[in-house]
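The file my_file.tsv comes next; it holds TSV, C-alpha atoms and all ligand atoms.
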```
chain	number	residue	atom	x	y	z
A	1	THR	CA	23.30	-13.35	26.30
A	2	PRO	CA	24.52	-16.92	25.94
A	3	LEU	CA	24.00	-17.91	22.30
A	4	HIS	CA	24.25	-14.25	21.25
A	5	GLY	CA	26.72	-15.06	18.49
A	6	PHE	CA	24.61	-17.98	17.35
A	7	LEU	CA	21.43	-15.89	17.30
A	8	ALA	CA	23.22	-13.11	15.41
A	9	ALA	CA	24.47	-15.56	12.79
A	10	LEU	CA	21.12	-17.33	12.25
A	11	PRO	CA	19.65	-16.47	8.83
A	12	LYS	CA	16.49	-14.56	9.72
A	13	CYS	CA	13.29	-13.36	8.09
A	14	GLU	CA	11.25	-10.42	9.37
A	15	HIS	CA	7.49	-10.22	8.72
A	16	HIS	CA	6.26	-7.54	11.09
A	17	LEU	CA	8.07	-4.28	10.69
A	18	HIS	CA	6.52	-0.87	10.06
A	19	LEU	CA	8.93	1.20	7.98
A	20	GLU	CA	7.60	4.35	9.67
A	21	GLY	CA	8.35	2.64	12.97
A	22	THR	CA	12.05	2.62	12.12
A	23	LEU	CA	12.23	6.43	12.23
A	24	GLU	CA	14.90	6.96	14.88
A	25	PRO	CA	14.72	10.29	16.77
A	26	GLU	CA	18.07	11.35	15.22
A	27	LEU	CA	16.73	10.98	11.67
A	28	LEU	CA	13.39	12.52	12.73
A	29	PHE	CA	15.07	15.71	13.95
A	30	GLN	CA	17.30	15.81	10.89
A	31	LEU	CA	14.36	15.49	8.46
A	32	ALA	CA	12.20	17.95	10.43
A	33	ALA	CA	14.99	20.55	10.16
A	34	LYS	CA	15.51	19.89	6.44
A	35	ASN	CA	11.79	20.02	5.66
A	36	ASN	CA	10.98	23.00	7.92
A	37	ILE	CA	8.56	20.97	9.99
A	38	THR	CA	8.03	22.09	13.57
A	39	LEU	CA	7.51	19.24	16.00
A	40	PRO	CA	4.74	20.16	18.49
A	41	ALA	CA	7.05	20.82	21.44
A	42	SER	CA	4.71	23.54	22.78
A	43	LYS	CA	1.97	20.93	23.19
A	44	ASP	CA	4.19	18.07	24.33
A	45	ALA	CA	7.58	18.82	25.85
A	46	ALA	CA	8.78	15.37	24.84
A	47	PHE	CA	9.36	16.79	21.34
A	48	ALA	CA	11.84	19.37	22.70
A	49	SER	CA	14.92	17.24	22.04
A	50	ILE	CA	16.14	13.88	20.86
A	51	ALA	CA	16.93	12.96	24.47
A	52	SER	CA	13.51	13.90	25.86
A	53	LEU	CA	11.76	12.07	23.05
A	54	LYS	CA	13.81	8.92	23.62
A	55	ASP	CA	13.02	9.18	27.30
A	56	ARG	CA	9.28	9.44	26.57
A	57	TYR	CA	9.52	6.33	24.36
A	58	GLN	CA	10.37	4.39	27.52
A	59	ARG	CA	6.89	5.00	28.98
A	60	PHE	CA	4.12	4.17	26.52
A	61	GLN	CA	0.86	3.51	28.36
A	62	ASN	CA	-0.71	1.42	25.59
A	63	LEU	CA	-1.00	1.10	21.81
A	64	ASP	CA	-2.83	4.41	21.30
A	65	ASP	CA	-0.31	6.33	23.42
A	66	PHE	CA	2.46	5.05	21.13
A	67	LEU	CA	0.45	5.70	17.97
A	68	GLY	CA	0.13	9.39	18.88
A	69	TYR	CA	3.92	9.77	18.67
A	70	TYR	CA	4.22	7.50	15.65
A	71	TYR	CA	1.83	9.56	13.49
A	72	ILE	CA	3.33	12.91	14.53
A	73	ALA	CA	6.88	11.75	13.86
A	74	MET	CA	6.15	10.44	10.39
A	75	SER	CA	4.90	13.89	9.35
A	76	ALA	CA	8.59	14.81	8.95
A	77	LEU	CA	8.72	12.51	5.88
A	78	LEU	CA	7.96	14.54	2.74
A	79	ASP	CA	9.86	13.70	-0.44
A	80	ALA	CA	10.85	10.41	-2.03
A	81	GLY	CA	14.40	10.80	-0.74
A	82	ASP	CA	13.09	10.90	2.85
A	83	PHE	CA	11.26	7.61	2.41
A	84	GLU	CA	14.31	6.15	0.68
A	85	ALA	CA	16.63	7.19	3.52
A	86	LEU	CA	14.25	5.77	6.12
A	87	ALA	CA	13.88	2.37	4.44
A	88	TYR	CA	17.54	2.04	3.44
A	89	ALA	CA	18.68	2.67	7.03
A	90	TYR	CA	16.37	-0.12	8.21
A	91	PHE	CA	17.44	-2.57	5.49
A	92	ALA	CA	21.11	-1.91	6.31
A	93	LYS	CA	20.47	-2.51	10.02
A	94	ALA	CA	18.44	-5.65	9.33
A	95	ALA	CA	21.07	-7.04	6.96
A	96	SER	CA	23.72	-6.41	9.65
A	97	GLN	CA	21.67	-8.70	11.92
A	98	ASN	CA	21.50	-11.39	9.21
A	99	VAL	CA	17.94	-10.70	8.10
A	100	ARG	CA	17.93	-12.27	4.62
A	101	HIS	CA	14.35	-11.48	3.70
A	102	ALA	CA	11.98	-8.84	5.09
A	103	GLU	CA	8.30	-8.26	4.37
A	104	VAL	CA	7.67	-4.76	5.61
A	105	PHE	CA	4.60	-2.63	6.26
A	106	PHE	CA	3.94	0.97	5.43
A	107	ASP	CA	0.91	3.21	6.05
A	108	PRO	CA	0.11	5.09	2.82
A	109	GLN	CA	-2.95	6.85	4.24
A	110	ALA	CA	-0.84	8.48	6.94
A	111	HIS	CA	1.06	10.21	4.14
A	112	THR	CA	-1.63	10.85	1.52
A	113	GLU	CA	-3.80	12.44	4.27
A	114	ARG	CA	-1.16	15.15	4.66
A	115	GLY	CA	-0.66	15.70	0.96
A	116	VAL	CA	2.22	13.35	0.17
A	117	ALA	CA	1.40	11.36	-2.97
A	118	PHE	CA	1.16	7.58	-2.85
A	119	ALA	CA	3.59	7.41	-5.80
A	120	THR	CA	6.16	9.50	-3.88
A	121	VAL	CA	6.12	7.16	-0.88
A	122	VAL	CA	6.40	4.04	-3.00
A	123	ALA	CA	9.09	5.47	-5.29
A	124	GLY	CA	11.31	6.19	-2.30
A	125	PHE	CA	10.80	2.74	-0.81
A	126	LYS	CA	11.46	1.05	-4.16
A	127	ARG	CA	14.79	2.84	-4.56
A	128	ALA	CA	15.79	1.73	-1.07
A	129	GLN	CA	14.75	-1.86	-1.82
A	130	ALA	CA	16.82	-2.00	-5.01
A	131	ARG	CA	19.88	-0.49	-3.32
A	132	ALA	CA	19.61	-2.79	-0.31
A	133	THR	CA	19.38	-5.91	-2.44
A	134	ALA	CA	22.39	-4.75	-4.51
A	135	ASP	CA	24.42	-3.74	-1.44
A	136	PHE	CA	23.52	-6.50	1.05
A	137	GLY	CA	21.74	-9.30	-0.84
A	138	ILE	CA	18.66	-8.87	1.38
A	139	THR	CA	15.32	-9.44	-0.40
A	140	THR	CA	12.35	-7.33	0.63
A	141	GLU	CA	8.62	-7.03	-0.05
A	142	LEU	CA	6.22	-4.17	0.68
A	143	ILE	CA	2.91	-4.80	2.43
A	144	MET	CA	0.45	-1.93	2.23
A	145	CYS	CA	-1.37	-1.45	5.54
A	146	LEU	CA	-4.69	0.34	5.76
A	147	LEU	CA	-5.54	2.27	8.91
A	148	LYS	CA	-8.30	1.04	11.20
A	149	HIS	CA	-8.97	4.47	12.71
A	150	LEU	CA	-10.08	5.83	9.32
A	151	PRO	CA	-13.38	4.92	7.60
A	152	LEU	CA	-13.75	1.76	5.52
A	153	ALA	CA	-14.45	3.90	2.43
A	154	GLU	CA	-10.98	5.46	2.69
A	155	ALA	CA	-9.29	2.08	3.06
A	156	MET	CA	-11.27	0.85	0.05
A	157	SER	CA	-10.28	3.81	-2.13
A	158	THR	CA	-6.59	3.56	-1.16
A	159	PHE	CA	-6.71	-0.15	-1.95
A	160	ALA	CA	-8.47	0.50	-5.30
A	161	GLN	CA	-5.86	3.12	-6.20
A	162	ALA	CA	-3.06	0.60	-5.66
A	163	ARG	CA	-4.88	-2.26	-7.37
A	164	ASP	CA	-5.97	-0.21	-10.40
A	165	GLY	CA	-2.52	1.38	-10.64
A	166	GLY	CA	-1.07	-2.09	-11.16
A	167	TYR	CA	1.07	-2.00	-8.00
A	168	PHE	CA	0.15	-5.57	-7.02
A	169	LYS	CA	0.35	-7.01	-10.56
A	170	ASP	CA	3.82	-5.55	-11.14
A	171	GLY	CA	5.08	-6.85	-7.80
A	172	THR	CA	5.64	-3.46	-6.17
A	173	LEU	CA	3.22	-4.47	-3.42
A	174	ALA	CA	3.07	-8.03	-2.10
A	175	ALA	CA	0.00	-7.94	0.15
A	176	ILE	CA	-2.36	-5.84	2.22
A	177	GLY	CA	-2.59	-5.57	5.97
A	178	MET	CA	-4.34	-3.40	8.55
A	179	ASP	CA	-2.92	-1.68	11.58
A	180	SER	CA	-3.39	1.21	14.03
A	181	SER	CA	-5.80	1.26	16.99
A	182	GLU	CA	-7.36	-2.18	17.53
A	183	LEU	CA	-10.06	-2.38	20.17
A	184	PRO	CA	-12.69	0.03	18.75
A	185	PHE	CA	-12.33	-1.38	15.23
A	186	PRO	CA	-13.08	-5.13	15.17
A	187	PRO	CA	-12.47	-7.22	12.04
A	188	PRO	CA	-16.09	-7.39	10.79
A	189	MET	CA	-15.80	-3.67	9.89
A	190	TRP	CA	-13.31	-4.53	7.13
A	191	ARG	CA	-15.05	-7.38	5.37
A	192	ASP	CA	-15.51	-5.51	2.06
A	193	LEU	CA	-11.82	-4.59	1.89
A	194	TYR	CA	-10.65	-8.16	2.46
A	195	ASP	CA	-13.25	-9.54	0.04
A	196	ALA	CA	-11.98	-7.13	-2.63
A	197	ALA	CA	-8.36	-8.14	-1.99
A	198	ALA	CA	-9.21	-11.84	-2.16
A	199	ALA	CA	-11.18	-11.29	-5.37
A	200	ALA	CA	-8.08	-9.65	-6.89
A	201	GLY	CA	-5.88	-12.56	-5.77
A	202	ILE	CA	-3.95	-10.41	-3.30
A	203	ARG	CA	-2.43	-11.79	-0.10
A	204	ARG	CA	-3.90	-10.63	3.19
A	205	THR	CA	-2.64	-10.17	6.72
A	206	VAL	CA	-4.11	-8.17	9.62
A	207	HIS	CA	-3.06	-6.95	13.05
A	208	ALA	CA	-5.21	-8.82	15.59
A	209	GLY	CA	-4.92	-10.11	19.13
A	210	GLU	CA	-2.42	-7.44	20.23
A	211	GLU	CA	-4.66	-5.41	22.57
A	212	GLY	CA	-7.86	-6.90	21.24
A	213	PRO	CA	-9.25	-10.26	22.42
A	214	ALA	CA	-8.73	-13.70	20.89
A	215	SER	CA	-12.21	-13.43	19.36
A	216	TYR	CA	-10.86	-10.74	17.00
A	217	MET	CA	-8.37	-13.31	15.71
A	218	THR	CA	-11.15	-15.81	15.05
A	219	GLN	CA	-13.05	-13.06	13.22
A	220	ALA	CA	-9.92	-12.23	11.23
A	221	LEU	CA	-9.83	-15.84	10.04
A	222	ASP	CA	-13.57	-16.41	9.58
A	223	ILE	CA	-14.72	-13.04	8.26
A	224	LEU	CA	-11.61	-11.51	6.69
A	225	ASN	CA	-10.08	-14.77	5.48
A	226	ALA	CA	-6.72	-13.41	6.63
A	227	GLN	CA	-3.83	-15.70	5.71
A	228	ARG	CA	-1.52	-14.38	8.43
A	229	ILE	CA	-2.11	-12.65	11.78
A	230	ASP	CA	0.14	-9.89	13.07
A	231	HIS	CA	0.78	-10.26	16.84
A	232	GLY	CA	-1.86	-12.84	17.83
A	233	ILE	CA	-0.62	-13.33	21.39
A	234	ARG	CA	-4.12	-13.03	22.83
A	235	ALA	CA	-5.04	-16.50	21.52
A	236	PHE	CA	-2.64	-17.78	24.20
A	237	LEU	CA	-3.11	-15.12	26.88
A	238	ASP	CA	-6.90	-15.60	26.73
A	239	GLY	CA	-6.49	-19.38	26.78
A	240	ASP	CA	-8.61	-19.88	23.67
A	241	GLU	CA	-7.74	-23.53	23.12
A	242	ALA	CA	-10.00	-24.01	20.12
A	243	LEU	CA	-8.36	-21.08	18.35
A	244	VAL	CA	-4.86	-22.27	19.25
A	245	ALA	CA	-5.63	-25.73	17.87
A	246	ARG	CA	-7.04	-24.19	14.72
A	247	LEU	CA	-3.98	-21.97	14.19
A	248	ALA	CA	-1.76	-25.03	14.51
A	249	ARG	CA	-3.94	-27.14	12.22
A	250	GLU	CA	-4.21	-24.48	9.52
A	251	GLY	CA	-0.55	-23.44	9.75
A	252	THR	CA	-1.41	-19.76	10.12
A	253	LEU	CA	1.72	-17.67	10.69
A	254	LEU	CA	1.62	-15.36	13.71
A	255	THR	CA	4.10	-12.49	13.41
A	256	ALA	CA	4.94	-11.96	17.07
A	257	CYS	CA	6.74	-8.92	18.51
A	258	PRO	CA	7.83	-9.52	22.11
A	259	LEU	CA	9.60	-6.22	22.93
A	260	SER	CA	6.68	-4.31	21.40
A	261	ASN	CA	4.23	-6.24	23.59
A	262	ILE	CA	6.16	-5.24	26.71
A	263	LYS	CA	6.62	-1.58	25.71
A	264	LEU	CA	2.90	-1.22	24.92
A	265	GLN	CA	2.00	-3.02	28.14
A	266	CYS	CA	0.16	-5.86	26.43
A	267	ILE	CA	2.21	-8.03	28.80
A	268	SER	CA	3.96	-6.85	31.96
A	269	SER	CA	7.23	-8.71	31.47
A	270	MET	CA	8.94	-11.10	29.07
A	271	LYS	CA	7.93	-14.01	31.30
A	272	GLU	CA	4.34	-13.42	30.19
A	273	PHE	CA	5.18	-13.67	26.49
A	274	PRO	CA	3.55	-17.01	25.53
A	275	LEU	CA	6.62	-18.46	23.80
A	276	ARG	CA	6.37	-21.87	25.47
A	277	LYS	CA	2.68	-22.17	24.66
A	278	MET	CA	3.35	-21.21	21.04
A	279	LEU	CA	6.06	-23.85	20.74
A	280	ASP	CA	4.13	-26.54	22.60
A	281	ALA	CA	0.99	-26.00	20.53
A	282	GLY	CA	2.93	-26.27	17.28
A	283	VAL	CA	1.67	-22.91	16.07
A	284	ARG	CA	3.79	-21.36	13.31
A	285	PHE	CA	5.21	-17.99	14.27
A	286	SER	CA	8.04	-15.57	13.60
A	287	ILE	CA	9.79	-13.15	15.96
A	288	ASN	CA	9.86	-9.54	14.82
A	289	SER	CA	10.59	-5.98	15.91
A	290	ASP	CA	7.37	-4.08	14.94
A	291	ASP	CA	8.55	-0.47	15.48
A	292	PRO	CA	12.20	-0.78	16.52
A	293	ALA	CA	12.90	2.96	16.78
A	294	TYR	CA	10.22	3.15	19.48
A	295	PHE	CA	10.51	-0.16	21.30
A	296	GLY	CA	14.21	-0.38	21.99
A	297	GLY	CA	15.37	-3.13	19.69
A	298	TYR	CA	15.63	-4.56	16.20
A	299	ILE	CA	15.05	-8.24	15.41
A	300	LEU	CA	18.22	-9.55	17.06
A	301	GLU	CA	17.40	-7.73	20.30
A	302	ASN	CA	14.00	-9.46	20.23
A	303	TYR	CA	15.61	-12.87	19.74
A	304	CYS	CA	18.09	-12.15	22.55
A	305	ALA	CA	15.48	-10.81	24.96
A	306	LEU	CA	13.49	-14.03	24.53
A	307	GLN	CA	16.63	-16.09	25.06
A	308	GLU	CA	17.44	-14.23	28.32
A	309	THR	CA	14.05	-15.24	29.71
A	310	PHE	CA	13.35	-18.63	28.14
A	311	GLY	CA	16.78	-20.15	27.54
A	312	LEU	CA	15.84	-22.10	24.43
A	313	SER	CA	18.09	-24.73	22.90
A	314	VAL	CA	20.00	-24.28	19.67
A	315	ARG	CA	17.59	-26.74	18.04
A	316	GLU	CA	14.56	-24.77	19.17
A	317	TRP	CA	16.01	-21.57	17.73
A	318	GLU	CA	16.88	-23.28	14.49
A	319	GLY	CA	13.26	-24.44	14.29
A	320	ILE	CA	11.95	-20.91	14.91
A	321	ALA	CA	14.22	-19.35	12.30
A	322	LYS	CA	13.41	-22.08	9.79
A	323	GLY	CA	9.69	-21.67	10.43
A	324	ALA	CA	10.07	-17.95	9.68
A	325	VAL	CA	11.71	-18.73	6.34
A	326	GLN	CA	9.00	-21.24	5.48
A	327	GLY	CA	6.24	-18.84	6.53
A	328	SER	CA	7.54	-16.10	4.23
A	329	TRP	CA	5.76	-15.02	1.06
A	330	CYS	CA	8.87	-15.24	-1.12
A	331	ALA	CA	9.40	-17.82	-3.86
A	332	ASP	CA	10.40	-21.36	-2.88
A	333	GLU	CA	13.75	-20.84	-4.64
A	334	ARG	CA	14.50	-17.91	-2.37
A	335	LYS	CA	13.51	-19.93	0.71
A	336	ALA	CA	15.89	-22.68	-0.37
A	337	GLU	CA	18.72	-20.15	-0.72
A	338	ILE	CA	18.15	-18.85	2.82
A	339	LEU	CA	17.80	-22.27	4.45
B	401	LIG	N1	1.21	0.62	13.73
B	401	LIG	C1	2.52	0.57	13.96
B	401	LIG	N2	2.79	-0.34	14.90
B	401	LIG	C2	1.62	-0.89	15.27
B	401	LIG	C3	1.23	-1.90	16.19
B	401	LIG	N3	2.10	-2.55	16.95
B	401	LIG	N4	-0.08	-2.18	16.31
B	401	LIG	C4	-0.98	-1.54	15.57
B	401	LIG	N5	-0.67	-0.59	14.70
B	401	LIG	C5	0.62	-0.27	14.54
B	402	ZN	ZN	2.63	-3.81	14.05
```
Show me, as C-alpha cells, the structure contained in the file I just sent.
Ligand code: ADE
Ligand code: ZN
Amino acid sequence: TPLHGFLAALPKCEHHLHLEGTLEPELLFQLAAKNNITLPASKDAAFASIASLKDRYQRFQNLDDFLGYYYIAMSALLDAGDFEALAYAYFAKAASQNVRHAEVFFDPQAHTERGVAFATVVAGFKRAQARATADFGITTELIMCLLKHLPLAEAMSTFAQARDGGYFKDGTLAAIGMDSSELPFPPPMWRDLYDAAAAAGIRRTVHAGEEGPASYMTQALDILNAQRIDHGIRAFLDGDEALVARLAREGTLLTACPLSNIKLQCISSMKEFPLRKMLDAGVRFSINSDDPAYFGGYILENYCALQETFGLSVREWEGIAKGAVQGSWCADERKAEIL
C-alpha cells in the first residue's frame, strides 16, 4: 500500500477490540491441549486442525455464524494465566503497530457461565495490562461487555457484581458495553442496565448498527443514553440523514471496523464501507479491528485496507488518527502525550 510506512508510524488508538477475538488458532490449540479441552471436531470438522479452522474463518455467513466459533474457541481459556497470555499477545501486537492507547472489550458472562470466576478473568487481564504498559508504554482500559443473547437479569447481576465489587471505582473497569447477536435484541431491552450504569456514573457504549438497522442506533442514543456506538455503519448505509446529522452535532464516536464488516457480510466489499460519507458528514469515528484473529487483520491492516480502496490524503489520515485520540476515554494529559 502507498502510505503503508506512514500509516504504520501514525500514533493510533483502538476502541473496538474484543480480547477474546484476538485468540489466534495457534494459541487456541495450545491452550486446549494444556487445559484438556476437546474442541468439537466430531460436530464440526473445521475444528480438526489449525489450518481447517483458519480456512473456515474465511467464510462467515453473518454475525451469528462467527459468534458460534467465537464462543466455542474461548472455552479453551481457563486460568488467569490463559487470560494474561491472550491479552499480552494482543497488546504486544498492537504496540508493534503503534497503538498507543487501547480500550478493549471482554465478555465476562461467556466465562462465568462455564464456571470461570469473574475475578480470575480480570486478574489475568490486569497482569497483562501492567506488563504491556511497562514493556511497551501502551496504555489500556477494560470495557466490560454484557451479552445480548442472555436475559437482562443476567446482565444486571453481572453488572452489579462488578459495581459492588468496586471494579469501576478502582479503575479496573472503565465502562460497560453490550455485544453478541444484534437483530433479535433491540436496545429498548437493556434500558434498566444502562440506567443503572448512568446512575453509578459509569461510561456506556453499545454495539449497534452492525447488522441491525439505523433505528437501533437512534434507540441506543435515546433510550440507553449510550455515549459511544460500536460499528454504527447502518446510519450511513440506511441513509438516515437525521441520525447522521445528530451524530455529527453531538460528537458521538463511532468505533468502526471495516474488515469485520466485510468478513461478516454486513457489506459486500470495501467500496461499500461508508468512509467518504463519514468524513463528509463530520461524524467522529475511529478505525478498529474488532476480532482480528477471525477477520484477517489487526488495526494497521484495517487502515491499509481502507487506503487501498479510498486513497485518502496524509492530512485526512492525520485527522482520523487525531480524532481517535480525542475520542478516547483516557485523561487529557495522556491524549496530549499521544498527539
Ligand atoms: N462479539 C465479538 N465481536 C462482535 C461483533 N462484531 N458484534 C457483536 N458481538 C461481537
Ligand atoms: Zn465488536
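Excluding stretch 212-216 of chain A itself and any same-chain residue fewer than 5 positions from it, the protein and nucleic acid residues within 9 Å of it, counting all atoms listed in the file, are Glu182, Leu183, Pro184, Pro186, Pro187, Pro188, Leu221, Gly232, Ile233, Arg234, Ala235, Phe236, Leu237, Asp238, Gly239, Asp240 and Leu243 of chain A.
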- Could you pull out the residues sitting within 12 Å of ligand ZN 402 (chain B), using only C-alpha atoms and all ligand atoms, and write them as a PyMOL selection string? chain A and resi 14-22+63+66-67+70+104-107+143+145-147+177-182+205-211+229-232+254-261+264+287-292+294-295
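If you measure from each of A:Gly81, A:Gly165, A:Gly296, A:Pro274 to A:Asn35 using only C-alpha atoms, the closest one turns out to be A:Gly81.
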Listed atoms of stretch 251-259 of chain A boxed along x, y and z, 3 Å each side, centre and edge lengths in Å, one decimal, as lines of an AutoDock Vina configuration file:
```
center_x = 4.1
center_y = -14.8
center_z = 16.3
size_x = 17.0
size_y = 23.2
size_z = 19.2
```
- Item | Within-8 Å shell of (9.0, 12.0, -2.6) in input frame, all atoms listed in the file, as number ranges by chain | A: 78-83, 116-117, 119-121, 123-124
Export of prior selection with C-alpha atoms as a PDB file, in the coordinates of the input:
```
ATOM      1  CA  LEU A  78       7.960  14.540   2.740  1.00  0.00           C
ATOM      2  CA  ASP A  79       9.860  13.700  -0.440  1.00  0.00           C
ATOM      3  CA  ALA A  80      10.850  10.410  -2.030  1.00  0.00           C
ATOM      4  CA  GLY A  81      14.400  10.800  -0.740  1.00  0.00           C
ATOM      5  CA  ASP A  82      13.090  10.900   2.850  1.00  0.00           C
ATOM      6  CA  PHE A  83      11.260   7.610   2.410  1.00  0.00           C
ATOM      7  CA  VAL A 116       2.220  13.350   0.170  1.00  0.00           C
ATOM      8  CA  ALA A 117       1.400  11.360  -2.970  1.00  0.00           C
ATOM      9  CA  ALA A 119       3.590   7.410  -5.800  1.00  0.00           C
ATOM     10  CA  THR A 120       6.160   9.500  -3.880  1.00  0.00           C
ATOM     11  CA  VAL A 121       6.120   7.160  -0.880  1.00  0.00           C
ATOM     12  CA  ALA A 123       9.090   5.470  -5.290  1.00  0.00           C
ATOM     13  CA  GLY A 124      11.310   6.190  -2.300  1.00  0.00           C
TER      14      GLY A 124
END
```
- Message: For stretch 333-338 of chain A, find every residue with an atom within 12 Å (counting only C-alpha atoms), except residues of its own chain fewer than 6 positions away, and show them as a PyMOL selection string.
- Response: chain A and resi 10-13+98-102+137-140+321-327
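Atom CA of A:Asn62 lies 12.1 Å from atom C1 of ligand LIG 401 (chain B).
Rounded to one decimal, atom CA of A:Asp192 and atom CA of A:Met156 lie 7.9 Å from each other.
As for atom CA of A:Glu301 and atom CA of A:Ser75, they are spaced 27.3 Å apart.
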- Query: Near A:Ala41, within 12 Å and counting all atoms listed in the file, which residues show up once chain neighbours fewer than 5 positions away are dropped, as a ChimeraX atom specification?
  - Reply: /A:46-50,52-53,69,72-73
- Which is closest to A:Gln129 among A:Glu241, A:Glu154, A:Asp164, A:Glu84, if we use all atoms listed in the file? A:Glu84
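Minimum atom-to-atom distance to A:Phe60, evaluated using all atoms listed in the file, belongs to A:Ile262 out of A:Leu275, A:Ile262, A:Ala293, A:Leu312.
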- Query: What residues have an atom no more than 12 Å from (-8.3, -7.6, 0.7) in the file's own frame, counting only C-alpha atoms, and can you write them as a PyMOL selection string?
  - Reply: chain A and resi 143-146+152+155-160+162-163+168+174-178+190-206+220+223-227
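Counting all atoms listed in the file and comparing A:Ala9, A:Ile299, A:Ala45, A:Met270, the residue that lies closest to A:Glu318 is A:Ala9.
Closest to A:Arg228 among A:Pro108, A:Phe185, A:Ser328, A:Leu150 is A:Ser328, based on only C-alpha atoms.
Closest approach to ligand LIG 401 (chain B) among A:Leu300, A:Ala8, A:Leu23, A:Leu173 is made by A:Leu23 (distances from all atoms listed in the file).
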Supply stretch 154-171 of chain A as a compact mmCIF listing (two decimals), keeping the file's coordinate frame, with N, CA and C atoms built in where the input has gaps.
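Contents of result13.txt, freshly written:
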```txt
# COMPACT_ATOMS: atom_id res chain seq x y z
N GLU A 154 -12.33 4.95 3.01
CA GLU A 154 -10.98 5.46 2.69
C GLU A 154 -9.99 4.33 2.49
N ALA A 155 -10.14 3.26 3.28
CA ALA A 155 -9.29 2.08 3.06
C ALA A 155 -9.58 1.48 1.69
N MET A 156 -10.87 1.41 1.34
CA MET A 156 -11.27 0.85 0.05
C MET A 156 -10.71 1.68 -1.11
N SER A 157 -10.74 2.99 -0.99
CA SER A 157 -10.28 3.81 -2.13
C SER A 157 -8.75 3.77 -2.22
N THR A 158 -8.05 3.70 -1.10
CA THR A 158 -6.59 3.56 -1.16
C THR A 158 -6.22 2.22 -1.77
N PHE A 159 -6.95 1.18 -1.37
CA PHE A 159 -6.71 -0.15 -1.95
C PHE A 159 -6.97 -0.13 -3.46
N ALA A 160 -8.11 0.48 -3.87
CA ALA A 160 -8.47 0.50 -5.30
C ALA A 160 -7.42 1.26 -6.11
N GLN A 161 -6.90 2.33 -5.53
CA GLN A 161 -5.86 3.12 -6.20
C GLN A 161 -4.63 2.24 -6.48
N ALA A 162 -4.24 1.47 -5.49
CA ALA A 162 -3.06 0.60 -5.66
C ALA A 162 -3.35 -0.54 -6.64
N ARG A 163 -4.50 -1.15 -6.48
CA ARG A 163 -4.88 -2.26 -7.37
C ARG A 163 -4.98 -1.78 -8.82
N ASP A 164 -5.73 -0.68 -9.03
CA ASP A 164 -5.97 -0.21 -10.40
C ASP A 164 -4.71 0.41 -11.00
N GLY A 165 -3.79 0.86 -10.15
CA GLY A 165 -2.52 1.38 -10.64
C GLY A 165 -1.53 0.27 -10.98
N GLY A 166 -1.93 -0.98 -10.79
CA GLY A 166 -1.07 -2.09 -11.16
C GLY A 166 0.05 -2.39 -10.17
N TYR A 167 -0.02 -1.83 -8.98
CA TYR A 167 1.07 -2.00 -8.00
C TYR A 167 1.18 -3.43 -7.47
N PHE A 168 0.07 -4.16 -7.45
CA PHE A 168 0.15 -5.57 -7.02
C PHE A 168 0.60 -6.44 -8.20
N LYS A 169 0.02 -6.21 -9.36
CA LYS A 169 0.35 -7.01 -10.56
C LYS A 169 1.83 -6.92 -10.90
N ASP A 170 2.42 -5.71 -10.75
CA ASP A 170 3.82 -5.55 -11.14
C ASP A 170 4.78 -5.92 -10.00
N GLY A 171 4.23 -6.38 -8.89
CA GLY A 171 5.08 -6.85 -7.80
C GLY A 171 5.60 -5.78 -6.86
```
